[in-house]
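Printed here is structure-v9.txt (compact mmCIF, N, CA and C atoms):
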```txt
# COMPACT_ATOMS: atom_id res chain seq x y z
N MET Z 115 11.31 26.16 -22.53
CA MET Z 115 10.28 25.27 -22.01
C MET Z 115 9.19 25.11 -23.06
N ARG Z 116 8.84 23.85 -23.32
CA ARG Z 116 7.79 23.57 -24.29
C ARG Z 116 6.42 23.95 -23.72
N ASP Z 117 5.43 24.02 -24.62
CA ASP Z 117 4.05 24.21 -24.17
C ASP Z 117 3.69 22.98 -23.36
N GLN Z 118 3.36 23.15 -22.08
CA GLN Z 118 3.21 22.00 -21.22
C GLN Z 118 1.91 21.97 -20.44
N ASP Z 119 1.67 20.82 -19.94
CA ASP Z 119 0.61 20.56 -19.00
C ASP Z 119 0.74 21.55 -17.82
N PRO Z 120 -0.37 21.98 -17.23
CA PRO Z 120 -0.30 22.94 -16.12
C PRO Z 120 0.50 22.44 -14.91
N ILE Z 121 0.46 21.16 -14.63
CA ILE Z 121 1.23 20.63 -13.50
C ILE Z 121 2.72 20.69 -13.80
N ALA Z 122 3.11 20.33 -15.01
CA ALA Z 122 4.52 20.42 -15.40
C ALA Z 122 4.96 21.88 -15.37
N ALA Z 123 4.13 22.76 -15.88
CA ALA Z 123 4.46 24.19 -15.89
C ALA Z 123 4.63 24.70 -14.46
N TYR Z 124 3.78 24.25 -13.54
CA TYR Z 124 3.89 24.69 -12.14
C TYR Z 124 5.22 24.22 -11.55
N CYS Z 125 5.58 22.97 -11.78
CA CYS Z 125 6.86 22.46 -11.27
C CYS Z 125 8.02 23.30 -11.79
N LEU Z 126 7.98 23.60 -13.07
CA LEU Z 126 9.10 24.33 -13.69
C LEU Z 126 9.07 25.83 -13.40
N SER Z 127 7.98 26.30 -12.79
CA SER Z 127 7.91 27.72 -12.42
C SER Z 127 8.59 27.98 -11.07
N LYS Z 128 8.95 26.92 -10.35
CA LYS Z 128 9.61 27.09 -9.05
C LYS Z 128 10.98 27.73 -9.26
N LYS Z 129 11.41 28.50 -8.29
CA LYS Z 129 12.68 29.22 -8.35
C LYS Z 129 13.84 28.26 -8.66
N ALA Z 130 14.58 28.53 -9.73
CA ALA Z 130 15.76 27.78 -10.17
C ALA Z 130 15.44 26.36 -10.65
N ALA Z 131 14.17 26.07 -10.92
CA ALA Z 131 13.82 24.74 -11.41
C ALA Z 131 14.30 24.56 -12.84
N THR Z 132 14.79 23.35 -13.12
CA THR Z 132 15.23 23.02 -14.47
C THR Z 132 14.52 21.77 -14.94
N GLU Z 133 14.44 21.63 -16.24
CA GLU Z 133 13.78 20.52 -16.91
C GLU Z 133 14.86 19.57 -17.44
N ASP Z 134 14.68 18.27 -17.21
CA ASP Z 134 15.66 17.29 -17.67
C ASP Z 134 14.94 16.03 -18.13
N TYR Z 135 15.58 15.28 -19.01
CA TYR Z 135 15.02 14.03 -19.54
C TYR Z 135 16.07 12.93 -19.46
N PRO Z 136 16.54 12.57 -18.25
CA PRO Z 136 17.61 11.59 -18.13
C PRO Z 136 17.17 10.15 -18.43
N PHE Z 137 15.86 9.89 -18.45
CA PHE Z 137 15.36 8.53 -18.65
C PHE Z 137 14.73 8.31 -20.03
N GLY Z 138 14.86 9.29 -20.93
CA GLY Z 138 14.26 9.17 -22.25
C GLY Z 138 13.39 10.37 -22.55
N PRO Z 139 12.64 10.30 -23.65
CA PRO Z 139 11.89 11.48 -24.10
C PRO Z 139 10.62 11.81 -23.30
N LEU Z 140 10.06 10.87 -22.56
CA LEU Z 140 8.78 11.15 -21.91
C LEU Z 140 8.83 11.44 -20.42
N PRO Z 141 9.53 10.75 -19.58
CA PRO Z 141 9.46 11.18 -18.19
C PRO Z 141 10.25 12.48 -18.00
N LEU Z 142 9.54 13.51 -17.60
CA LEU Z 142 10.17 14.81 -17.35
C LEU Z 142 10.63 14.84 -15.90
N VAL Z 143 11.86 15.25 -15.68
CA VAL Z 143 12.38 15.39 -14.33
C VAL Z 143 12.57 16.87 -14.04
N ALA Z 144 11.93 17.34 -12.97
CA ALA Z 144 12.11 18.72 -12.52
C ALA Z 144 13.14 18.69 -11.41
N LYS Z 145 14.16 19.55 -11.55
CA LYS Z 145 15.26 19.58 -10.59
C LYS Z 145 15.47 20.98 -10.05
N VAL Z 146 16.05 21.03 -8.86
CA VAL Z 146 16.55 22.28 -8.31
C VAL Z 146 17.95 21.98 -7.78
N GLY Z 147 18.90 22.80 -8.15
CA GLY Z 147 20.27 22.56 -7.74
C GLY Z 147 20.82 21.23 -8.21
N GLY Z 148 20.32 20.75 -9.34
CA GLY Z 148 20.76 19.47 -9.89
C GLY Z 148 20.13 18.25 -9.24
N LYS Z 149 19.21 18.45 -8.29
CA LYS Z 149 18.56 17.34 -7.59
C LYS Z 149 17.08 17.28 -7.96
N MET Z 150 16.59 16.07 -8.18
CA MET Z 150 15.20 15.86 -8.59
C MET Z 150 14.23 16.17 -7.45
N PHE Z 151 13.18 16.95 -7.77
CA PHE Z 151 12.09 17.12 -6.81
C PHE Z 151 10.77 16.63 -7.38
N ALA Z 152 10.71 16.38 -8.69
CA ALA Z 152 9.49 15.83 -9.30
C ALA Z 152 9.86 15.00 -10.52
N LEU Z 153 9.23 13.85 -10.63
CA LEU Z 153 9.36 12.99 -11.79
C LEU Z 153 7.97 12.87 -12.38
N LEU Z 154 7.79 13.42 -13.57
CA LEU Z 154 6.46 13.48 -14.17
C LEU Z 154 6.36 12.50 -15.33
N SER Z 155 5.39 11.62 -15.23
CA SER Z 155 5.12 10.67 -16.30
C SER Z 155 4.20 11.34 -17.29
N LEU Z 156 4.66 11.45 -18.53
CA LEU Z 156 3.91 12.17 -19.56
C LEU Z 156 3.33 11.21 -20.59
N THR Z 157 2.17 11.57 -21.09
CA THR Z 157 1.60 10.86 -22.23
C THR Z 157 2.33 11.34 -23.48
N ALA Z 158 2.08 10.68 -24.60
CA ALA Z 158 2.70 11.09 -25.87
C ALA Z 158 2.29 12.52 -26.24
N GLU Z 159 1.14 12.97 -25.73
CA GLU Z 159 0.65 14.33 -26.01
C GLU Z 159 1.23 15.37 -25.05
N GLY Z 160 2.05 14.93 -24.11
CA GLY Z 160 2.68 15.86 -23.18
C GLY Z 160 1.87 16.17 -21.94
N LYS Z 161 0.83 15.39 -21.69
CA LYS Z 161 0.01 15.58 -20.49
C LYS Z 161 0.55 14.72 -19.35
N VAL Z 162 0.56 15.26 -18.14
CA VAL Z 162 1.02 14.51 -16.98
C VAL Z 162 -0.10 13.58 -16.53
N ASP Z 163 0.22 12.27 -16.39
CA ASP Z 163 -0.80 11.37 -15.86
C ASP Z 163 -0.47 10.90 -14.44
N ASN Z 164 0.80 11.02 -14.05
CA ASN Z 164 1.17 10.82 -12.65
C ASN Z 164 2.50 11.49 -12.41
N LEU Z 165 2.77 11.78 -11.14
CA LEU Z 165 4.04 12.39 -10.80
C LEU Z 165 4.51 11.85 -9.46
N SER Z 166 5.82 11.75 -9.33
CA SER Z 166 6.42 11.30 -8.08
C SER Z 166 7.08 12.50 -7.42
N LEU Z 167 6.84 12.62 -6.12
CA LEU Z 167 7.30 13.77 -5.35
C LEU Z 167 7.95 13.32 -4.05
N LYS Z 168 9.01 14.00 -3.67
CA LYS Z 168 9.65 13.74 -2.39
C LYS Z 168 8.71 14.21 -1.28
N CYS Z 169 8.76 13.51 -0.15
CA CYS Z 169 7.83 13.85 0.93
C CYS Z 169 8.41 13.40 2.26
N ASP Z 170 8.19 14.18 3.29
CA ASP Z 170 8.54 13.78 4.64
C ASP Z 170 7.85 12.44 4.91
N PRO Z 171 8.55 11.45 5.49
CA PRO Z 171 7.97 10.12 5.66
C PRO Z 171 6.64 10.08 6.42
N VAL Z 172 6.49 10.89 7.46
CA VAL Z 172 5.23 10.90 8.22
C VAL Z 172 4.09 11.47 7.38
N ILE Z 173 4.38 12.56 6.69
CA ILE Z 173 3.37 13.18 5.82
C ILE Z 173 3.03 12.24 4.67
N ALA Z 174 4.05 11.57 4.12
CA ALA Z 174 3.83 10.63 3.01
C ALA Z 174 2.83 9.55 3.41
N GLU Z 175 3.03 8.98 4.59
CA GLU Z 175 2.14 7.92 5.07
C GLU Z 175 0.73 8.45 5.27
N ASN Z 176 0.60 9.65 5.84
CA ASN Z 176 -0.72 10.25 6.04
C ASN Z 176 -1.43 10.49 4.71
N LEU Z 177 -0.71 11.00 3.73
CA LEU Z 177 -1.31 11.26 2.42
C LEU Z 177 -1.80 9.96 1.77
N ARG Z 178 -1.02 8.89 1.92
CA ARG Z 178 -1.41 7.60 1.35
C ARG Z 178 -2.67 7.06 2.02
N GLU Z 179 -2.79 7.29 3.33
CA GLU Z 179 -3.98 6.84 4.05
C GLU Z 179 -5.21 7.64 3.66
N GLN Z 180 -5.03 8.92 3.35
CA GLN Z 180 -6.16 9.81 3.05
C GLN Z 180 -6.61 9.76 1.60
N HIS Z 181 -5.69 9.42 0.68
CA HIS Z 181 -6.00 9.52 -0.75
C HIS Z 181 -5.56 8.26 -1.49
N ALA Z 182 -6.50 7.59 -2.14
CA ALA Z 182 -6.16 6.40 -2.93
C ALA Z 182 -5.22 6.75 -4.08
N ALA Z 183 -5.25 7.99 -4.55
CA ALA Z 183 -4.41 8.41 -5.67
C ALA Z 183 -2.95 8.63 -5.27
N VAL Z 184 -2.67 8.63 -3.97
CA VAL Z 184 -1.29 8.80 -3.48
C VAL Z 184 -0.78 7.44 -3.05
N GLN Z 185 0.28 7.00 -3.73
CA GLN Z 185 0.83 5.67 -3.51
C GLN Z 185 2.33 5.76 -3.22
N PRO Z 186 2.90 4.70 -2.66
CA PRO Z 186 4.36 4.72 -2.46
C PRO Z 186 5.07 4.96 -3.79
N GLY Z 187 6.18 5.65 -3.74
CA GLY Z 187 6.92 6.02 -4.94
C GLY Z 187 7.24 4.84 -5.84
N TYR Z 188 6.85 4.94 -7.09
CA TYR Z 188 7.08 3.89 -8.08
C TYR Z 188 8.54 3.92 -8.50
N HIS Z 189 9.26 2.84 -8.27
CA HIS Z 189 10.69 2.72 -8.59
C HIS Z 189 11.55 3.76 -7.84
N LEU Z 190 11.08 4.21 -6.69
CA LEU Z 190 11.81 5.19 -5.88
C LEU Z 190 11.78 4.72 -4.42
N ASN Z 191 12.53 5.37 -3.57
CA ASN Z 191 12.52 5.06 -2.15
C ASN Z 191 11.12 5.31 -1.60
N LYS Z 192 10.43 4.25 -1.24
CA LYS Z 192 9.02 4.35 -0.86
C LYS Z 192 8.81 5.06 0.47
N LYS Z 193 9.86 5.21 1.25
CA LYS Z 193 9.75 5.94 2.52
C LYS Z 193 9.70 7.44 2.25
N HIS Z 194 10.43 7.91 1.25
CA HIS Z 194 10.60 9.34 1.02
C HIS Z 194 9.92 9.87 -0.24
N TRP Z 195 9.31 9.00 -1.03
CA TRP Z 195 8.70 9.44 -2.29
C TRP Z 195 7.29 8.88 -2.42
N ASN Z 196 6.38 9.72 -2.90
CA ASN Z 196 5.02 9.31 -3.25
C ASN Z 196 4.83 9.45 -4.75
N THR Z 197 4.07 8.54 -5.33
CA THR Z 197 3.61 8.70 -6.70
C THR Z 197 2.14 9.08 -6.63
N VAL Z 198 1.79 10.17 -7.30
CA VAL Z 198 0.43 10.70 -7.26
C VAL Z 198 -0.20 10.48 -8.63
N ILE Z 199 -1.30 9.73 -8.65
CA ILE Z 199 -2.03 9.47 -9.89
C ILE Z 199 -2.99 10.63 -10.11
N LEU Z 200 -2.91 11.24 -11.29
CA LEU Z 200 -3.78 12.38 -11.59
C LEU Z 200 -5.09 11.86 -12.18
N ASP Z 201 -5.96 11.39 -11.28
CA ASP Z 201 -7.24 10.83 -11.68
C ASP Z 201 -8.40 11.79 -11.43
N GLY Z 202 -8.09 13.02 -11.03
CA GLY Z 202 -9.13 14.02 -10.77
C GLY Z 202 -9.60 14.04 -9.33
N SER Z 203 -9.11 13.13 -8.50
CA SER Z 203 -9.58 13.07 -7.11
C SER Z 203 -8.91 14.10 -6.20
N LEU Z 204 -7.80 14.66 -6.64
CA LEU Z 204 -7.10 15.68 -5.86
C LEU Z 204 -7.28 17.04 -6.53
N THR Z 205 -7.41 18.07 -5.72
CA THR Z 205 -7.56 19.42 -6.28
C THR Z 205 -6.21 19.94 -6.76
N GLU Z 206 -6.25 20.94 -7.60
CA GLU Z 206 -5.03 21.59 -8.06
C GLU Z 206 -4.27 22.16 -6.86
N GLU Z 207 -5.00 22.70 -5.89
CA GLU Z 207 -4.37 23.24 -4.68
C GLU Z 207 -3.63 22.14 -3.92
N ASP Z 208 -4.25 20.96 -3.78
CA ASP Z 208 -3.59 19.84 -3.11
C ASP Z 208 -2.30 19.47 -3.84
N LEU Z 209 -2.36 19.38 -5.15
CA LEU Z 209 -1.19 19.02 -5.95
C LEU Z 209 -0.09 20.07 -5.80
N HIS Z 210 -0.46 21.33 -5.82
CA HIS Z 210 0.52 22.41 -5.66
C HIS Z 210 1.20 22.32 -4.29
N LYS Z 211 0.43 22.02 -3.24
CA LYS Z 211 1.01 21.90 -1.90
C LYS Z 211 2.02 20.75 -1.86
N MET Z 212 1.70 19.63 -2.50
CA MET Z 212 2.61 18.49 -2.53
C MET Z 212 3.88 18.82 -3.32
N ILE Z 213 3.71 19.52 -4.44
CA ILE Z 213 4.87 19.94 -5.24
C ILE Z 213 5.74 20.91 -4.44
N ASP Z 214 5.10 21.87 -3.78
CA ASP Z 214 5.83 22.85 -2.97
C ASP Z 214 6.62 22.15 -1.86
N HIS Z 215 6.00 21.18 -1.21
CA HIS Z 215 6.65 20.44 -0.13
C HIS Z 215 7.88 19.70 -0.67
N SER Z 216 7.74 19.03 -1.80
CA SER Z 216 8.85 18.30 -2.40
C SER Z 216 9.99 19.25 -2.75
N TYR Z 217 9.64 20.35 -3.40
CA TYR Z 217 10.64 21.34 -3.80
C TYR Z 217 11.40 21.86 -2.58
N GLU Z 218 10.66 22.21 -1.52
CA GLU Z 218 11.29 22.76 -0.31
C GLU Z 218 12.20 21.73 0.36
N LEU Z 219 11.78 20.46 0.40
CA LEU Z 219 12.63 19.43 1.00
C LEU Z 219 13.95 19.30 0.24
N VAL Z 220 13.87 19.28 -1.08
CA VAL Z 220 15.08 19.13 -1.89
C VAL Z 220 15.95 20.38 -1.77
N LEU Z 221 15.33 21.55 -1.83
CA LEU Z 221 16.08 22.81 -1.69
C LEU Z 221 16.80 22.85 -0.34
N LYS Z 222 16.09 22.47 0.72
CA LYS Z 222 16.65 22.47 2.07
C LYS Z 222 17.83 21.50 2.19
N GLY Z 223 17.82 20.44 1.39
CA GLY Z 223 18.88 19.45 1.44
C GLY Z 223 20.13 19.81 0.65
N LEU Z 224 20.06 20.90 -0.11
CA LEU Z 224 21.22 21.33 -0.89
C LEU Z 224 22.27 21.96 0.04
N PRO Z 225 23.52 21.93 -0.38
CA PRO Z 225 24.54 22.63 0.42
C PRO Z 225 24.19 24.11 0.56
N LYS Z 226 24.60 24.68 1.68
CA LYS Z 226 24.26 26.08 1.99
C LYS Z 226 24.69 27.02 0.87
N ALA Z 227 25.86 26.80 0.31
CA ALA Z 227 26.35 27.67 -0.77
C ALA Z 227 25.42 27.63 -1.98
N ASP Z 228 24.91 26.44 -2.30
CA ASP Z 228 23.98 26.31 -3.43
C ASP Z 228 22.67 27.02 -3.14
N ARG Z 229 22.16 26.85 -1.90
CA ARG Z 229 20.91 27.54 -1.52
C ARG Z 229 21.09 29.05 -1.60
N MET Z 230 22.22 29.53 -1.12
CA MET Z 230 22.49 30.98 -1.14
C MET Z 230 22.57 31.47 -2.59
N ALA Z 231 23.24 30.72 -3.46
CA ALA Z 231 23.36 31.11 -4.86
C ALA Z 231 21.99 31.18 -5.53
N ILE Z 232 21.14 30.21 -5.22
CA ILE Z 232 19.78 30.20 -5.79
C ILE Z 232 19.00 31.41 -5.30
N SER Z 233 19.06 31.69 -3.99
CA SER Z 233 18.29 32.80 -3.45
C SER Z 233 18.79 34.14 -3.97
N GLN Z 234 20.08 34.27 -4.20
CA GLN Z 234 20.62 35.52 -4.71
C GLN Z 234 20.37 35.69 -6.21
N ARG Z 235 20.40 34.59 -6.94
CA ARG Z 235 20.23 34.65 -8.39
C ARG Z 235 18.76 34.82 -8.77
N PHE Z 236 17.87 34.32 -7.95
CA PHE Z 236 16.45 34.34 -8.28
C PHE Z 236 15.67 35.12 -7.24
N VAL Z 237 15.92 36.40 -7.15
CA VAL Z 237 15.25 37.26 -6.16
C VAL Z 237 13.89 37.65 -6.67
```
Before anything else, please render the file you have as structure tokens.
Amino acid sequence: MRDQDPIAAYCLSKKAATEDYPFGPLPLVAKVGGKMFALLSLTAEGKVDNLSLKCDPVIAENLREQHAAVQPGYHLNKKHWNTVILDGSLTEEDLHKMIDHSYELVLKGLPKADRMAISQRFV
């Protein structure tokens, strides 16, 4: 893992998280079990300026109503994904909660055997 922005580092610190660049050198994709839970838009300096996260549809709508920085997922399923602009209006704790929620949703959606392998491998 390269020296990274704290938000990218937090995403990649999740149990069994992997780093991927399927769309080119700058958008970082954080995956668990081969499935994306965060898409991070990086500046040329490696700083995250926005990130897209999976979200329960009801929670996604509530977050969008409460925070101008939370928008429907850019180039993603807008019902299940939010894009969060890192403009300083959200606390680090808020961002961590959103990342945790996305990670848990994706982890929960993995086949049981994959979830078991992750839990056993990363105790």
Return as number ranges by chain the full set of residues in chain Z whose backbone-based DSSP assignment is strand (DSSP E or B). Z: 131-134, 142-146, 149-156, 162-168, 184-186, 195-199
Residues from the last selection, N, CA and C atoms, saved as a compact mmCIF listing (two decimals), keeping the file's coordinate frame:
```
# COMPACT_ATOMS: atom_id res chain seq x y z
N ALA Z 131 14.17 26.07 -10.92
CA ALA Z 131 13.82 24.74 -11.41
C ALA Z 131 14.30 24.56 -12.84
N THR Z 132 14.79 23.35 -13.12
CA THR Z 132 15.23 23.02 -14.47
C THR Z 132 14.52 21.77 -14.94
N GLU Z 133 14.44 21.63 -16.24
CA GLU Z 133 13.78 20.52 -16.91
C GLU Z 133 14.86 19.57 -17.44
N ASP Z 134 14.68 18.27 -17.21
CA ASP Z 134 15.66 17.29 -17.67
C ASP Z 134 14.94 16.03 -18.13
N LEU Z 142 9.54 13.51 -17.60
CA LEU Z 142 10.17 14.81 -17.35
C LEU Z 142 10.63 14.84 -15.90
N VAL Z 143 11.86 15.25 -15.68
CA VAL Z 143 12.38 15.39 -14.33
C VAL Z 143 12.57 16.87 -14.04
N ALA Z 144 11.93 17.34 -12.97
CA ALA Z 144 12.11 18.72 -12.52
C ALA Z 144 13.14 18.69 -11.41
N LYS Z 145 14.16 19.55 -11.55
CA LYS Z 145 15.26 19.58 -10.59
C LYS Z 145 15.47 20.98 -10.05
N VAL Z 146 16.05 21.03 -8.86
CA VAL Z 146 16.55 22.28 -8.31
C VAL Z 146 17.95 21.98 -7.78
N LYS Z 149 19.21 18.45 -8.29
CA LYS Z 149 18.56 17.34 -7.59
C LYS Z 149 17.08 17.28 -7.96
N MET Z 150 16.59 16.07 -8.18
CA MET Z 150 15.20 15.86 -8.59
C MET Z 150 14.23 16.17 -7.45
N PHE Z 151 13.18 16.95 -7.77
CA PHE Z 151 12.09 17.12 -6.81
C PHE Z 151 10.77 16.63 -7.38
N ALA Z 152 10.71 16.38 -8.69
CA ALA Z 152 9.49 15.83 -9.30
C ALA Z 152 9.86 15.00 -10.52
N LEU Z 153 9.23 13.85 -10.63
CA LEU Z 153 9.36 12.99 -11.79
C LEU Z 153 7.97 12.87 -12.38
N LEU Z 154 7.79 13.42 -13.57
CA LEU Z 154 6.46 13.48 -14.17
C LEU Z 154 6.36 12.50 -15.33
N SER Z 155 5.39 11.62 -15.23
CA SER Z 155 5.12 10.67 -16.30
C SER Z 155 4.20 11.34 -17.29
N LEU Z 156 4.66 11.45 -18.53
CA LEU Z 156 3.91 12.17 -19.56
C LEU Z 156 3.33 11.21 -20.59
N VAL Z 162 0.56 15.26 -18.14
CA VAL Z 162 1.02 14.51 -16.98
C VAL Z 162 -0.10 13.58 -16.53
N ASP Z 163 0.22 12.27 -16.39
CA ASP Z 163 -0.80 11.37 -15.86
C ASP Z 163 -0.47 10.90 -14.44
N ASN Z 164 0.80 11.02 -14.05
CA ASN Z 164 1.17 10.82 -12.65
C ASN Z 164 2.50 11.49 -12.41
N LEU Z 165 2.77 11.78 -11.14
CA LEU Z 165 4.04 12.39 -10.80
C LEU Z 165 4.51 11.85 -9.46
N SER Z 166 5.82 11.75 -9.33
CA SER Z 166 6.42 11.30 -8.08
C SER Z 166 7.08 12.50 -7.42
N LEU Z 167 6.84 12.62 -6.12
CA LEU Z 167 7.30 13.77 -5.35
C LEU Z 167 7.95 13.32 -4.05
N LYS Z 168 9.01 14.00 -3.67
CA LYS Z 168 9.65 13.74 -2.39
C LYS Z 168 8.71 14.21 -1.28
N VAL Z 184 -2.67 8.63 -3.97
CA VAL Z 184 -1.29 8.80 -3.48
C VAL Z 184 -0.78 7.44 -3.05
N GLN Z 185 0.28 7.00 -3.73
CA GLN Z 185 0.83 5.67 -3.51
C GLN Z 185 2.33 5.76 -3.22
N PRO Z 186 2.90 4.70 -2.66
CA PRO Z 186 4.36 4.72 -2.46
C PRO Z 186 5.07 4.96 -3.79
N TRP Z 195 9.31 9.00 -1.03
CA TRP Z 195 8.70 9.44 -2.29
C TRP Z 195 7.29 8.88 -2.42
N ASN Z 196 6.38 9.72 -2.90
CA ASN Z 196 5.02 9.31 -3.25
C ASN Z 196 4.83 9.45 -4.75
N THR Z 197 4.07 8.54 -5.33
CA THR Z 197 3.61 8.70 -6.70
C THR Z 197 2.14 9.08 -6.63
N VAL Z 198 1.79 10.17 -7.30
CA VAL Z 198 0.43 10.70 -7.26
C VAL Z 198 -0.20 10.48 -8.63
N ILE Z 199 -1.30 9.73 -8.65
CA ILE Z 199 -2.03 9.47 -9.89
C ILE Z 199 -2.99 10.63 -10.11
```
Interatomic distance (Å, one decimal) between atom CA of Lys149 of chain Z and atom CA of Leu204 of chain Z: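 We find that atom CA of Lys149 of chain Z and atom CA of Leu204 of chain Z lie 25.8 Å from each other.
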Gly148 of chain Z environment, 9 Å, only C-alpha atoms, sequence neighbours closer than 2 positions dropped, as a ChimeraX atom specification: /Z:131-132,145-146,150
Atom C of Tyr217 of chain Z and atom N of Arg178 of chain Z, how far apart in Å? 18.5 Å
Using Å and a single decimal, report how far atom C of Asp134 of chain Z sits from atom CA of Asp170 of chain Z. 23.8 Å
Can you pull out the residues contacting Leu177 of chain Z? Cut-off 10 Å, using only C-alpha atoms, and skip same-chain residues under 5 positions away; I want them as a PyMOL selection string. chain Z and resi 169+171-172+182-186+196+198+212
Dig up all the protein and nucleic acid residues within 6 Å of (7.7, 14.5, -9.2) in the file frame, using all atoms listed in the file, and format them as a VMD selection string. chain Z and resid 151 to 154 165 to 168
With N, CA and C atoms kept, could you save the residues just selected as a short mmCIF file (atom, residue, chain, number, x, y, z; two decimals), in the coordinates of the input?
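result07.cif written:
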```cif
data_model
loop_
_atom_site.label_atom_id
_atom_site.label_comp_id
_atom_site.auth_asym_id
_atom_site.auth_seq_id
_atom_site.Cartn_x
_atom_site.Cartn_y
_atom_site.Cartn_z
N PHE Z 151 13.18 16.95 -7.77
CA PHE Z 151 12.09 17.12 -6.81
C PHE Z 151 10.77 16.63 -7.38
N ALA Z 152 10.71 16.38 -8.69
CA ALA Z 152 9.49 15.83 -9.30
C ALA Z 152 9.86 15.00 -10.52
N LEU Z 153 9.23 13.85 -10.63
CA LEU Z 153 9.36 12.99 -11.79
C LEU Z 153 7.97 12.87 -12.38
N LEU Z 154 7.79 13.42 -13.57
CA LEU Z 154 6.46 13.48 -14.17
C LEU Z 154 6.36 12.50 -15.33
N LEU Z 165 2.77 11.78 -11.14
CA LEU Z 165 4.04 12.39 -10.80
C LEU Z 165 4.51 11.85 -9.46
N SER Z 166 5.82 11.75 -9.33
CA SER Z 166 6.42 11.30 -8.08
C SER Z 166 7.08 12.50 -7.42
N LEU Z 167 6.84 12.62 -6.12
CA LEU Z 167 7.30 13.77 -5.35
C LEU Z 167 7.95 13.32 -4.05
N LYS Z 168 9.01 14.00 -3.67
CA LYS Z 168 9.65 13.74 -2.39
C LYS Z 168 8.71 14.21 -1.28
#
```
Residue contacts of Leu224 of chain Z (8 Å, all atoms listed in the file) excluding same-chain residues fewer than 5 positions away, as a list of chain:residue names: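 So, after excluding close chain neighbours, the residues are Z:Val146, Z:Gly147, Z:Glu218, Z:Leu219, Z:Arg229, Z:Met230.
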Excluding Asn164 of chain Z and any residue of its chain fewer than 6 positions from it, enumerate the residues within 8 Å of it, using only N, CA and C atoms, and give them as a ChimeraX atom specification. /Z:153-157,197-201
Which residue of Z:Gly160, Z:His189, Z:His194, Z:Leu221 approaches Glu175 of chain Z most closely, using only C-alpha atoms: Z:His194
Test item, helix (DSSP H, G or I) assignment across segment 142-235 of chain Z, answer as a PyMOL selection string: chain Z and resi 171-180+206-223+226-235
Rebuild segment 186-190 of chain Z so that it carries all heavy atoms, then output the result as an mmCIF file, in the coordinates of the input.
```
data_model
loop_
_atom_site.group_PDB
_atom_site.id
_atom_site.type_symbol
_atom_site.label_atom_id
_atom_site.label_comp_id
_atom_site.auth_asym_id
_atom_site.auth_seq_id
_atom_site.Cartn_x
_atom_site.Cartn_y
_atom_site.Cartn_z
ATOM 1 N N PRO Z 186 2.900 4.700 -2.660
ATOM 2 C CA PRO Z 186 4.360 4.720 -2.460
ATOM 3 C C PRO Z 186 5.070 4.960 -3.790
ATOM 4 O O PRO Z 186 4.613 4.534 -4.843
ATOM 5 C CB PRO Z 186 4.657 3.315 -1.916
ATOM 6 C CG PRO Z 186 3.363 2.845 -1.328
ATOM 7 C CD PRO Z 186 2.293 3.464 -2.178
ATOM 8 N N GLY Z 187 6.180 5.650 -3.740
ATOM 9 C CA GLY Z 187 6.920 6.020 -4.940
ATOM 10 C C GLY Z 187 7.240 4.840 -5.840
ATOM 11 O O GLY Z 187 7.831 3.864 -5.394
ATOM 12 N N TYR Z 188 6.850 4.940 -7.090
ATOM 13 C CA TYR Z 188 7.080 3.890 -8.080
ATOM 14 C C TYR Z 188 8.540 3.920 -8.500
ATOM 15 O O TYR Z 188 9.018 4.942 -9.017
ATOM 16 C CB TYR Z 188 6.143 4.111 -9.273
ATOM 17 C CG TYR Z 188 6.257 3.069 -10.353
ATOM 18 C CD1 TYR Z 188 5.790 1.784 -10.137
ATOM 19 C CD2 TYR Z 188 6.836 3.372 -11.578
ATOM 20 C CE1 TYR Z 188 5.891 0.815 -11.123
ATOM 21 C CE2 TYR Z 188 6.940 2.419 -12.569
ATOM 22 C CZ TYR Z 188 6.473 1.141 -12.329
ATOM 23 O OH TYR Z 188 6.580 0.186 -13.311
ATOM 24 N N HIS Z 189 9.260 2.840 -8.270
ATOM 25 C CA HIS Z 189 10.690 2.720 -8.590
ATOM 26 C C HIS Z 189 11.550 3.760 -7.840
ATOM 27 O O HIS Z 189 12.598 4.161 -8.340
ATOM 28 C CB HIS Z 189 10.957 2.834 -10.092
ATOM 29 C CG HIS Z 189 10.525 1.640 -10.859
ATOM 30 N ND1 HIS Z 189 10.992 0.371 -10.612
ATOM 31 C CD2 HIS Z 189 9.661 1.512 -11.885
ATOM 32 C CE1 HIS Z 189 10.443 -0.480 -11.459
ATOM 33 N NE2 HIS Z 189 9.624 0.178 -12.224
ATOM 34 N N LEU Z 190 11.080 4.210 -6.690
ATOM 35 C CA LEU Z 190 11.810 5.190 -5.880
ATOM 36 C C LEU Z 190 11.780 4.720 -4.420
ATOM 37 O O LEU Z 190 11.047 3.786 -4.085
ATOM 38 C CB LEU Z 190 11.161 6.573 -5.998
ATOM 39 C CG LEU Z 190 11.196 7.209 -7.381
ATOM 40 C CD1 LEU Z 190 10.190 8.341 -7.473
ATOM 41 C CD2 LEU Z 190 12.594 7.704 -7.697
#
```
